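Trainee: To be precise about what I am sending: the file is called model16.cif and holds mmCIF, C-alpha atoms.
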```cif
data_entry
#
loop_
_atom_site.group_PDB
_atom_site.id
_atom_site.type_symbol
_atom_site.label_atom_id
_atom_site.label_comp_id
_atom_site.auth_asym_id
_atom_site.auth_seq_id
_atom_site.Cartn_x
_atom_site.Cartn_y
_atom_site.Cartn_z
ATOM 1 C CA MET R 1441 0.000 0.000 0.000
ATOM 2 C CA ASN R 1442 2.713 2.401 0.959
ATOM 3 C CA ARG R 1443 4.406 1.821 -2.412
ATOM 4 C CA ILE R 1444 1.131 2.580 -4.256
ATOM 5 C CA SER R 1445 0.571 5.719 -2.177
ATOM 6 C CA ARG R 1446 4.064 7.010 -2.949
ATOM 7 C CA ARG R 1447 3.504 6.460 -6.686
ATOM 8 C CA ALA R 1448 0.161 8.242 -6.573
ATOM 9 C CA SER R 1449 1.699 11.175 -4.741
ATOM 10 C CA ALA R 1450 4.448 11.459 -7.341
ATOM 11 C CA VAL R 1451 1.920 11.486 -10.173
ATOM 12 C CA ILE R 1452 -0.101 14.215 -8.457
ATOM 13 C CA LEU R 1453 3.013 16.362 -7.968
ATOM 14 C CA ILE R 1454 3.975 16.013 -11.651
ATOM 15 C CA VAL R 1455 0.459 16.977 -12.783
ATOM 16 C CA LEU R 1456 0.394 20.002 -10.477
ATOM 17 C CA GLY R 1457 3.814 21.050 -11.737
ATOM 18 C CA CYS R 1458 2.651 20.889 -15.361
ATOM 19 C CA ILE R 1459 -0.442 22.944 -14.569
ATOM 20 C CA THR R 1460 1.693 25.595 -12.842
ATOM 21 C CA PHE R 1461 4.090 25.733 -15.831
ATOM 22 C CA VAL R 1462 1.209 26.280 -18.278
ATOM 23 C CA LEU R 1463 -0.526 28.918 -16.167
ATOM 24 C CA VAL R 1464 2.487 30.824 -14.891
ATOM 25 C CA GLY R 1465 5.197 30.048 -17.437
ATOM 26 C CA PRO R 1466 8.734 28.810 -16.950
ATOM 27 C CA PRO R 1467 10.903 30.381 -14.248
ATOM 28 C CA GLN R 1468 13.084 33.194 -15.639
ATOM 29 C CA SER R 1469 16.841 32.773 -15.228
ATOM 30 C CA ALA R 1470 18.557 35.426 -13.184
ATOM 31 C CA LEU R 1471 20.985 35.823 -16.113
ATOM 32 C CA THR R 1472 18.262 36.507 -18.661
ATOM 33 C CA VAL R 1473 17.950 40.166 -19.614
ATOM 34 C CA PRO R 1474 14.723 41.406 -21.206
ATOM 35 C CA PRO R 1475 15.270 41.936 -24.957
ATOM 36 C CA HIS R 1476 14.578 45.658 -24.815
ATOM 37 C CA VAL R 1477 17.551 46.294 -22.515
ATOM 38 C CA GLN R 1478 20.030 43.781 -23.919
ATOM 39 C CA GLU R 1479 23.278 45.088 -25.320
ATOM 40 C CA SER R 1480 24.773 43.703 -28.493
ATOM 41 C CA PRO R 1481 27.892 41.618 -27.910
ATOM 42 C CA ARG R 1482 31.069 43.642 -28.279
ATOM 43 C CA ARG R 1483 33.156 41.659 -30.714
ATOM 44 C CA GLY R 1484 35.867 43.473 -32.658
ATOM 45 C CA GLY R 1485 33.923 46.687 -33.118
ATOM 46 C CA ASP R 1486 30.735 45.030 -34.320
ATOM 47 C CA VAL R 1487 28.752 47.385 -32.129
ATOM 48 C CA ALA R 1488 27.577 50.276 -34.265
ATOM 49 C CA GLU R 1489 26.709 53.222 -32.032
ATOM 50 C CA THR R 1490 23.946 55.476 -33.296
ATOM 51 C CA MET R 1491 25.196 59.024 -33.782
ATOM 52 C CA ASN R 1492 23.690 61.678 -36.010
ATOM 53 C CA PHE R 1493 26.825 62.171 -38.097
ATOM 54 C CA GLY R 1494 24.638 62.532 -41.179
ATOM 55 C CA ARG R 1495 23.795 66.150 -40.402
ATOM 56 C CA HIS R 1496 27.445 67.129 -40.870
ATOM 57 C CA PHE R 1497 27.473 65.637 -44.359
ATOM 58 C CA GLN R 1498 24.269 67.515 -45.164
ATOM 59 C CA GLN R 1499 25.546 70.824 -43.783
ATOM 60 C CA LEU R 1500 28.773 70.549 -45.770
ATOM 61 C CA GLY R 1501 26.923 69.360 -48.866
ATOM 62 C CA VAL R 1502 28.884 66.132 -49.400
ATOM 63 C CA GLU R 1503 28.077 62.458 -49.842
ATOM 64 C CA GLY R 1504 30.148 59.851 -48.086
ATOM 65 C CA SER R 1505 30.775 57.874 -44.936
ATOM 66 C CA ILE R 1506 32.760 57.830 -41.731
ATOM 67 C CA ALA R 1507 33.753 55.115 -39.271
ATOM 68 C CA ILE R 1508 35.312 55.814 -35.861
ATOM 69 C CA TYR R 1509 36.446 52.878 -33.747
ATOM 70 C CA ASP R 1510 36.910 53.346 -29.985
ATOM 71 C CA LEU R 1511 39.605 50.859 -28.966
ATOM 72 C CA ASN R 1512 39.039 50.696 -25.193
ATOM 73 C CA SER R 1513 35.250 50.459 -25.429
ATOM 74 C CA ASP R 1514 35.330 48.291 -28.564
ATOM 75 C CA ARG R 1515 32.662 50.471 -30.166
ATOM 76 C CA LEU R 1516 32.206 51.488 -33.768
ATOM 77 C CA TYR R 1517 30.544 54.832 -34.497
ATOM 78 C CA GLN R 1518 29.625 55.215 -38.128
ATOM 79 C CA HIS R 1519 27.603 56.889 -40.848
ATOM 80 C CA ASN R 1520 26.687 55.025 -44.047
ATOM 81 C CA PRO R 1521 27.863 51.499 -43.093
ATOM 82 C CA GLN R 1522 27.276 50.202 -46.618
ATOM 83 C CA ARG R 1523 29.871 52.611 -47.978
ATOM 84 C CA ASN R 1524 32.236 51.726 -45.140
ATOM 85 C CA ALA R 1525 32.231 48.200 -46.546
ATOM 86 C CA THR R 1526 32.792 49.379 -50.133
ATOM 87 C CA ALA R 1527 36.282 49.275 -51.682
ATOM 88 C CA PHE R 1528 37.911 52.335 -53.276
ATOM 89 C CA LEU R 1529 41.305 53.323 -54.642
ATOM 90 C CA PRO R 1530 43.458 54.180 -51.617
ATOM 91 C CA ALA R 1531 45.142 57.112 -53.398
ATOM 92 C CA SER R 1532 47.636 58.884 -51.125
ATOM 93 C CA THR R 1533 46.555 57.006 -48.011
ATOM 94 C CA PHE R 1534 48.779 54.266 -49.474
ATOM 95 C CA LYS R 1535 51.760 56.498 -48.646
ATOM 96 C CA ILE R 1536 51.621 55.084 -45.116
ATOM 97 C CA LEU R 1537 52.326 51.562 -46.352
ATOM 98 C CA ASN R 1538 54.647 52.796 -49.115
ATOM 99 C CA SER R 1539 56.746 54.520 -46.437
ATOM 100 C CA LEU R 1540 56.935 51.378 -44.311
ATOM 101 C CA ILE R 1541 57.971 49.206 -47.252
ATOM 102 C CA SER R 1542 60.534 51.739 -48.493
ATOM 103 C CA LEU R 1543 62.159 52.084 -45.078
ATOM 104 C CA GLU R 1544 62.126 48.343 -44.427
ATOM 105 C CA THR R 1545 63.728 47.514 -47.774
ATOM 106 C CA ARG R 1546 66.229 50.375 -47.292
ATOM 107 C CA VAL R 1547 65.512 51.971 -50.652
ATOM 108 C CA ILE R 1548 65.608 55.115 -48.521
ATOM 109 C CA SER R 1549 67.647 55.263 -45.351
ATOM 110 C CA ASN R 1550 65.377 57.283 -43.081
ATOM 111 C CA GLU R 1551 62.655 59.920 -42.966
ATOM 112 C CA ILE R 1552 65.054 62.832 -43.488
ATOM 113 C CA ALA R 1553 66.985 61.437 -46.452
ATOM 114 C CA VAL R 1554 66.468 63.751 -49.437
ATOM 115 C CA LEU R 1555 65.368 62.779 -52.939
ATOM 116 C CA THR R 1556 66.375 65.171 -55.704
ATOM 117 C CA TRP R 1557 63.545 66.757 -57.656
ATOM 118 C CA ASP R 1558 63.626 65.813 -61.355
ATOM 119 C CA GLY R 1559 62.839 69.373 -62.492
ATOM 120 C CA ILE R 1560 59.416 68.491 -63.903
ATOM 121 C CA GLN R 1561 56.829 71.115 -62.961
ATOM 122 C CA ARG R 1562 53.788 69.543 -61.289
ATOM 123 C CA GLN R 1563 50.381 70.957 -60.418
ATOM 124 C CA ILE R 1564 51.206 71.488 -56.741
ATOM 125 C CA PRO R 1565 53.974 74.138 -56.573
ATOM 126 C CA ALA R 1566 55.201 72.924 -53.168
ATOM 127 C CA TRP R 1567 56.156 69.586 -54.761
ATOM 128 C CA ASN R 1568 58.602 71.193 -57.152
ATOM 129 C CA ARG R 1569 61.770 70.929 -55.081
ATOM 130 C CA ASP R 1570 64.004 68.435 -53.324
ATOM 131 C CA LEU R 1571 62.121 66.676 -50.507
ATOM 132 C CA ASN R 1572 62.647 64.226 -47.683
ATOM 133 C CA MET R 1573 60.037 61.688 -46.581
ATOM 134 C CA ARG R 1574 58.787 63.803 -43.697
ATOM 135 C CA GLU R 1575 58.121 66.716 -46.038
ATOM 136 C CA ALA R 1576 56.752 64.517 -48.824
ATOM 137 C CA MET R 1577 54.250 62.929 -46.440
ATOM 138 C CA LYS R 1578 53.073 66.315 -45.204
ATOM 139 C CA LEU R 1579 52.764 67.688 -48.755
ATOM 140 C CA SER R 1580 51.472 64.375 -50.148
ATOM 141 C CA ALA R 1581 54.039 64.692 -52.934
ATOM 142 C CA VAL R 1582 53.186 62.064 -55.526
ATOM 143 C CA TRP R 1583 56.502 62.115 -57.424
ATOM 144 C CA PHE R 1584 58.489 61.337 -54.258
ATOM 145 C CA TYR R 1585 56.509 58.172 -53.554
ATOM 146 C CA GLN R 1586 56.570 57.150 -57.199
ATOM 147 C CA VAL R 1587 60.375 57.186 -57.036
ATOM 148 C CA LEU R 1588 60.294 55.042 -53.900
ATOM 149 C CA ALA R 1589 57.890 52.555 -55.479
ATOM 150 C CA ARG R 1590 60.122 52.176 -58.545
ATOM 151 C CA ARG R 1591 63.106 51.605 -56.276
ATOM 152 C CA VAL R 1592 61.236 48.921 -54.321
ATOM 153 C CA GLY R 1593 60.283 47.223 -57.586
ATOM 154 C CA HIS R 1594 57.228 45.257 -58.607
ATOM 155 C CA GLU R 1595 58.227 41.907 -57.116
ATOM 156 C CA GLN R 1596 59.136 43.257 -53.686
ATOM 157 C CA MET R 1597 56.142 45.593 -53.600
ATOM 158 C CA GLN R 1598 53.727 42.769 -54.393
ATOM 159 C CA LYS R 1599 55.333 40.591 -51.740
ATOM 160 C CA TRP R 1600 54.944 43.217 -49.034
ATOM 161 C CA VAL R 1601 51.416 44.282 -49.985
ATOM 162 C CA ALA R 1602 50.364 40.608 -49.840
ATOM 163 C CA LYS R 1603 52.257 40.012 -46.600
ATOM 164 C CA VAL R 1604 50.430 42.908 -44.957
ATOM 165 C CA GLY R 1605 47.125 41.837 -46.523
ATOM 166 C CA TYR R 1606 46.414 45.382 -47.643
ATOM 167 C CA GLY R 1607 42.999 45.719 -49.327
ATOM 168 C CA ASN R 1608 42.548 43.426 -52.318
ATOM 169 C CA GLN R 1609 46.367 43.213 -52.693
ATOM 170 C CA LYS R 1610 46.235 43.879 -56.469
ATOM 171 C CA ILE R 1611 49.068 46.096 -57.668
ATOM 172 C CA GLY R 1612 48.823 45.268 -61.376
ATOM 173 C CA ASN R 1613 51.798 44.483 -63.612
ATOM 174 C CA LYS R 1614 55.334 45.895 -63.689
ATOM 175 C CA ASP R 1615 54.266 48.932 -65.695
ATOM 176 C CA ASP R 1616 51.871 49.894 -62.892
ATOM 177 C CA ILE R 1617 54.514 50.050 -60.162
ATOM 178 C CA ASP R 1618 54.351 53.838 -59.757
ATOM 179 C CA LYS R 1619 50.601 54.337 -60.169
ATOM 180 C CA PHE R 1620 48.679 51.273 -58.929
ATOM 181 C CA TRP R 1621 47.417 53.112 -55.827
ATOM 182 C CA LEU R 1622 46.345 56.125 -57.900
ATOM 183 C CA GLU R 1623 44.616 54.626 -60.939
ATOM 184 C CA GLY R 1624 45.265 50.888 -60.831
ATOM 185 C CA GLU R 1625 43.479 47.867 -59.453
ATOM 186 C CA LEU R 1626 44.289 48.293 -55.764
ATOM 187 C CA ARG R 1627 41.168 48.780 -53.626
ATOM 188 C CA ILE R 1628 40.518 49.084 -49.892
ATOM 189 C CA THR R 1629 37.377 49.705 -47.810
ATOM 190 C CA PRO R 1630 37.101 52.258 -44.990
ATOM 191 C CA ASN R 1631 36.669 49.340 -42.576
ATOM 192 C CA GLU R 1632 39.881 47.759 -43.891
ATOM 193 C CA GLN R 1633 41.669 51.077 -43.480
ATOM 194 C CA ILE R 1634 40.773 51.011 -39.791
ATOM 195 C CA GLN R 1635 41.986 47.423 -39.424
ATOM 196 C CA PHE R 1636 45.305 48.373 -41.045
ATOM 197 C CA LEU R 1637 45.679 51.392 -38.749
ATOM 198 C CA ARG R 1638 44.934 49.289 -35.674
ATOM 199 C CA ARG R 1639 47.753 46.955 -36.653
ATOM 200 C CA LEU R 1640 50.041 49.929 -37.243
ATOM 201 C CA TYR R 1641 49.277 51.332 -33.803
ATOM 202 C CA LYS R 1642 49.856 47.974 -32.101
ATOM 203 C CA ASN R 1643 53.082 47.285 -34.055
ATOM 204 C CA ASN R 1644 51.300 44.239 -35.452
ATOM 205 C CA LEU R 1645 52.586 44.699 -39.011
ATOM 206 C CA PRO R 1646 55.555 42.773 -40.498
ATOM 207 C CA PHE R 1647 58.003 45.662 -40.163
ATOM 208 C CA SER R 1648 60.779 46.545 -37.757
ATOM 209 C CA GLU R 1649 60.097 48.747 -34.769
ATOM 210 C CA ARG R 1650 62.403 51.320 -36.394
ATOM 211 C CA SER R 1651 60.299 51.571 -39.563
ATOM 212 C CA LEU R 1652 57.026 51.618 -37.634
ATOM 213 C CA SER R 1653 58.258 54.324 -35.267
ATOM 214 C CA MET R 1654 59.458 56.571 -38.091
ATOM 215 C CA VAL R 1655 56.184 56.318 -40.001
ATOM 216 C CA LYS R 1656 54.068 56.903 -36.916
ATOM 217 C CA ASP R 1657 56.102 60.040 -36.295
ATOM 218 C CA ILE R 1658 55.842 61.507 -39.810
ATOM 219 C CA ILE R 1659 52.056 61.082 -39.966
ATOM 220 C CA ILE R 1660 51.447 63.307 -36.927
ATOM 221 C CA VAL R 1661 49.240 66.152 -38.160
ATOM 222 C CA GLU R 1662 48.284 67.695 -34.814
ATOM 223 C CA GLN R 1663 49.698 67.412 -31.317
ATOM 224 C CA THR R 1664 48.432 69.206 -28.211
ATOM 225 C CA PRO R 1665 48.783 68.569 -24.472
ATOM 226 C CA ASP R 1666 45.407 66.777 -24.637
ATOM 227 C CA TYR R 1667 45.594 64.674 -27.789
ATOM 228 C CA THR R 1668 47.606 63.590 -30.818
ATOM 229 C CA ILE R 1669 46.207 62.971 -34.311
ATOM 230 C CA ARG R 1670 48.133 60.838 -36.805
ATOM 231 C CA ALA R 1671 46.515 60.848 -40.224
ATOM 232 C CA LYS R 1672 46.799 60.897 -43.994
ATOM 233 C CA THR R 1673 44.580 62.397 -46.672
ATOM 234 C CA GLY R 1674 43.941 60.895 -50.080
ATOM 235 C CA TRP R 1675 42.321 62.139 -53.291
ATOM 236 C CA ALA R 1676 41.652 59.515 -55.950
ATOM 237 C CA ASN R 1677 41.530 60.775 -59.560
ATOM 238 C CA PHE R 1678 42.719 64.206 -58.475
ATOM 239 C CA GLY R 1679 42.205 66.701 -61.287
ATOM 240 C CA GLU R 1680 40.335 64.184 -63.466
ATOM 241 C CA GLN R 1681 37.079 65.686 -64.678
ATOM 242 C CA THR R 1682 35.811 62.525 -66.376
ATOM 243 C CA LYS R 1683 36.340 60.116 -63.453
ATOM 244 C CA PRO R 1684 34.706 59.973 -60.013
ATOM 245 C CA GLN R 1685 36.928 61.709 -57.477
ATOM 246 C CA ILE R 1686 37.095 60.169 -54.011
ATOM 247 C CA GLY R 1687 38.457 61.854 -50.908
ATOM 248 C CA TRP R 1688 39.977 60.080 -47.894
ATOM 249 C CA TYR R 1689 41.036 61.084 -44.419
ATOM 250 C CA VAL R 1690 42.283 58.158 -42.312
ATOM 251 C CA GLY R 1691 44.245 57.842 -39.110
ATOM 252 C CA TYR R 1692 43.880 57.707 -35.357
ATOM 253 C CA LEU R 1693 43.465 60.063 -32.423
ATOM 254 C CA GLU R 1694 45.163 59.326 -29.096
ATOM 255 C CA LYS R 1695 43.606 60.834 -25.992
ATOM 256 C CA ASP R 1696 43.286 59.940 -22.282
ATOM 257 C CA LYS R 1697 45.019 56.566 -22.687
ATOM 258 C CA ASN R 1698 42.604 55.594 -25.449
ATOM 259 C CA VAL R 1699 42.799 55.461 -29.237
ATOM 260 C CA TYR R 1700 40.114 56.288 -31.803
ATOM 261 C CA PHE R 1701 40.751 55.004 -35.333
ATOM 262 C CA PHE R 1702 38.898 56.713 -38.166
ATOM 263 C CA ALA R 1703 38.278 56.521 -41.891
ATOM 264 C CA THR R 1704 36.393 59.282 -43.698
ATOM 265 C CA ASN R 1705 35.482 58.745 -47.352
ATOM 266 C CA ILE R 1706 33.582 61.221 -49.546
ATOM 267 C CA ASP R 1707 32.717 62.042 -53.134
ATOM 268 C CA ILE R 1708 34.671 65.108 -54.234
ATOM 269 C CA ARG R 1709 32.649 67.249 -56.639
ATOM 270 C CA ASN R 1710 34.423 70.586 -56.263
ATOM 271 C CA ASN R 1711 37.580 72.027 -54.717
ATOM 272 C CA ASN R 1712 35.802 72.906 -51.469
ATOM 273 C CA ASP R 1713 35.061 69.248 -50.815
ATOM 274 C CA GLY R 1714 38.763 68.584 -50.281
ATOM 275 C CA ALA R 1715 38.709 70.548 -47.025
ATOM 276 C CA ALA R 1716 35.454 68.834 -46.020
ATOM 277 C CA ARG R 1717 37.304 65.570 -45.398
ATOM 278 C CA ILE R 1718 39.011 66.961 -42.332
ATOM 279 C CA GLU R 1719 36.150 69.218 -41.218
ATOM 280 C CA LEU R 1720 33.706 66.289 -41.261
ATOM 281 C CA THR R 1721 36.039 64.189 -39.165
ATOM 282 C CA ARG R 1722 36.578 66.920 -36.597
ATOM 283 C CA ARG R 1723 32.845 67.581 -36.263
ATOM 284 C CA CYS R 1724 32.233 63.882 -35.632
ATOM 285 C CA PHE R 1725 35.029 63.835 -33.047
ATOM 286 C CA LYS R 1726 33.278 66.717 -31.272
ATOM 287 C CA ASP R 1727 30.038 64.716 -31.199
ATOM 288 C CA ILE R 1728 31.865 61.971 -29.308
ATOM 289 C CA GLY R 1729 33.496 64.532 -27.018
ATOM 290 C CA LEU R 1730 37.060 64.122 -28.250
ATOM 291 C CA LEU R 1731 37.768 67.706 -29.346
#
```
Produce structure tokens that represent the structure in this file.

Mentor:
Amino acid sequence: MNRISRRASAVILIVLGCITFVLVGPPQSALTVPPHVQESPRRGGDVAETMNFGRHFQQLGVEGSIAIYDLNSDRLYQHNPQRNATAFLPASTFKILNSLISLETRVISNEIAVLTWDGIQRQIPAWNRDLNMREAMKLSAVWFYQVLARRVGHEQMQKWVAKVGYGNQKIGNKDDIDKFWLEGELRITPNEQIQFLRRLYKNNLPFSERSLSMVKDIIIVEQTPDYTIRAKTGWANFGEQTKPQIGWYVGYLEKDKNVYFFATNIDIRNNNDGAARIELTRRCFKDIGLL
């Protein structure tokens, strides 16, 4: 009898439990967060913070995108994410990698070694003189970096671009050695620019500490007691009226023991848009409270 009673009691408890589950619902885990307050997982900058960067593009009358990655918080602030995943000619932003390769292969000894101007008059008057790498980076002197690329040579250049994994890694044939980043097949997305810059900052590129340190130094564009900005502009199809002109401003801002990597990319339709690359970036920095 006792055995039958125990079985009956067990059955009753199971039935009551099922009824309670149906009426009340399953118990909620203490670790479960209601969907409306859950945060997205923070994996490698996948979190896209909502900021109204678009108004700056509208006010300046330009089309384009921006991505700003906060290293410590692992947050990505951006406008026009589709464009941030679209590949473009790197134009003069490639000078960062060109400098690293040229220093590493010793086709130029250091950032103050001078290359002699060939006497050809070019459209930017400041280019028409002897220059060192520090000056050429600041002036974005195309001829200087074309000389370096020819000295590196097609085989070595292709090896290093592939080793770094820069963009689509396509530098064309030997005849393209001094123009593949300006009008060739090489393409890189704004998101890939940020990944490259993160590796530069962390010394996680296949170059010596000497080469990395020199390049980081020559790309400083602004330094104050509060922050440092290292950056490079780019202007694809500069002066070409029949081709789409694309403007870049890429780099990183160091402030309060944190780093903010950025890539601004816009359509350039007139000469005023060139200055908009930097102005847009600074306005977005102000939105985040960096400037």

Trainee: I would like the residues chosen by the PyMOL selection byres ((chain R and resi 1659) around 10) on the shown file; could you give them as a ChimeraX atom specification?

Mentor: /R:1535-1536,1574,1577-1578,1654-1658,1660-1662,1669-1672,1691-1692

Trainee: Go ahead and dump the residues you just picked, C-alpha atoms, as a compact mmCIF listing (two decimals), keeping the file's coordinate frame.

Mentor:
```txt
# COMPACT_ATOMS: atom_id res chain seq x y z
CA LYS R 1535 51.76 56.50 -48.65
CA ILE R 1536 51.62 55.08 -45.12
CA ARG R 1574 58.79 63.80 -43.70
CA MET R 1577 54.25 62.93 -46.44
CA LYS R 1578 53.07 66.32 -45.20
CA MET R 1654 59.46 56.57 -38.09
CA VAL R 1655 56.18 56.32 -40.00
CA LYS R 1656 54.07 56.90 -36.92
CA ASP R 1657 56.10 60.04 -36.30
CA ILE R 1658 55.84 61.51 -39.81
CA ILE R 1660 51.45 63.31 -36.93
CA VAL R 1661 49.24 66.15 -38.16
CA GLU R 1662 48.28 67.69 -34.81
CA ILE R 1669 46.21 62.97 -34.31
CA ARG R 1670 48.13 60.84 -36.80
CA ALA R 1671 46.52 60.85 -40.22
CA LYS R 1672 46.80 60.90 -43.99
CA GLY R 1691 44.24 57.84 -39.11
CA TYR R 1692 43.88 57.71 -35.36
```

Trainee: Could you list, as a list in words, every residue within 8 Å of stretch 1712-1719 of chain R, counting all atoms listed in the file and ignoring same-chain residues fewer than 2 positions away?

Mentor: Leu1500, Val1502, Trp1675, Gly1687, Trp1688, Tyr1689, Thr1704, Asn1705, Ile1706, Asp1707, Ile1708, Arg1709, Asn1710, Thr1721, Arg1722 and Arg1723 of chain R

Trainee: Evaluate the PyMOL selection byres ((chain R and resi 1521) around 12) against this structure - the residues, as a list in words, please.

Mentor: Asp1486, Val1487, Ala1488, Glu1489, Thr1490, Phe1493, Gly1494, Gly1504, Ser1505, Ile1506, Ala1507, Ile1508, Leu1516, Tyr1517, Gln1518, His1519, Asn1520, Gln1522, Arg1523, Asn1524, Ala1525, Thr1526, Thr1629, Pro1630, Asn1631, Ala1703, Thr1704 and Asn1705 of chain R

Trainee: For R:Asn1677, which of R:Tyr1585, R:Trp1567, R:Trp1600, R:Trp1621 is the closest residue, counting only C-alpha atoms?

Mentor: R:Trp1621

Trainee: Would you work out the distance separating atom CA of R:Ser1580 from atom CA of R:Ala1531, expressed in Å to one decimal?

Mentor: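 Those two atoms sit 10.2 Å apart.
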
Trainee: Applied to the shown file, which residues does the PyMOL selection byres ((chain R and resi 1583) around 12) return, written as a PyMOL selection string?

Mentor: chain R and resi 1532+1535+1555-1564+1566-1573+1576-1577+1579-1582+1584-1590+1618-1619+1622

Trainee: To one decimal place, how far is atom CA of R:Leu1540 from atom CA of R:Phe1647 in Å?

Mentor: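 Atom CA of R:Phe1647 lies at a distance of 7.1 Å from atom CA of R:Leu1540.
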
Trainee: So, with all atoms listed in the file as the atoms that count, which of R:Ser1549, R:Asn1538, R:Asn1643, R:Ser1648 lies closest to R:Gln1596?

Mentor: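 Checking each of R:Ser1549, R:Asn1538, R:Asn1643, R:Ser1648 against R:Gln1596, counting all atoms listed in the file, the winner is R:Asn1538.
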
Trainee: Please indicate the distance in Å from atom CA of R:Leu1626 to atom CA of R:Gln1598, rounded to one decimal place.

Mentor: 11.0 Å

Trainee: Please report, as JSON, the centre and edge lengths in Å to one decimal of an axis-aligned box covering all listed atoms of stretch 1717-1731 of chain R with 5 Å per side.

Mentor:
```
{"center_x": 34.5, "center_y": 65.6, "center_z": -36.2, "size_x": 19.0, "size_y": 17.2, "size_z": 28.4}
```

Trainee: So that I can check the surroundings of stretch 1601-1608 of chain R, please list as a list in words every protein, DNA and RNA residue that reaches within 7 Å of it, counting all atoms listed in the file and ignoring chain neighbours fewer than 3 positions away.

Mentor: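 The residues that qualify are Met1597, Gln1598, Leu1626, Arg1627, Ile1628, Glu1632, Leu1645 and Pro1646 of chain R.
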
Trainee: Need the shell around R:Leu1511: protein/DNA/RNA residues with any atom at most 9 Å away, counting all atoms listed in the file. Skip same-chain ones fewer than 2 positions apart. Format as a PyMOL selection string?

Mentor: chain R and resi 1485+1509+1513-1516+1638+1698-1701

Trainee: Can you work out which one of R:Asp1666, R:Glu1544, R:Glu1623, R:Glu1551 has the shortest atom-to-atom distance to R:Gln1685, counting only C-alpha atoms?

Mentor: R:Glu1623

Trainee: Ranking R:Gly1679, R:Phe1620, R:Ile1611, R:Ile1686 by minimum distance to R:Ala1527 and counting all atoms listed in the file, which one comes first?

Mentor: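 Checking each of R:Gly1679, R:Phe1620, R:Ile1611, R:Ile1686 against R:Ala1527, counting all atoms listed in the file, the winner is R:Ile1686.
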
Trainee: I need the residue nearest R:Asp1510 from this list: R:Leu1652, R:Arg1639, R:Val1547, R:Ile1634. Use only C-alpha atoms for the distance.

Mentor: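 Checking each of R:Leu1652, R:Arg1639, R:Val1547, R:Ile1634 against R:Asp1510, counting only C-alpha atoms, the winner is R:Ile1634.
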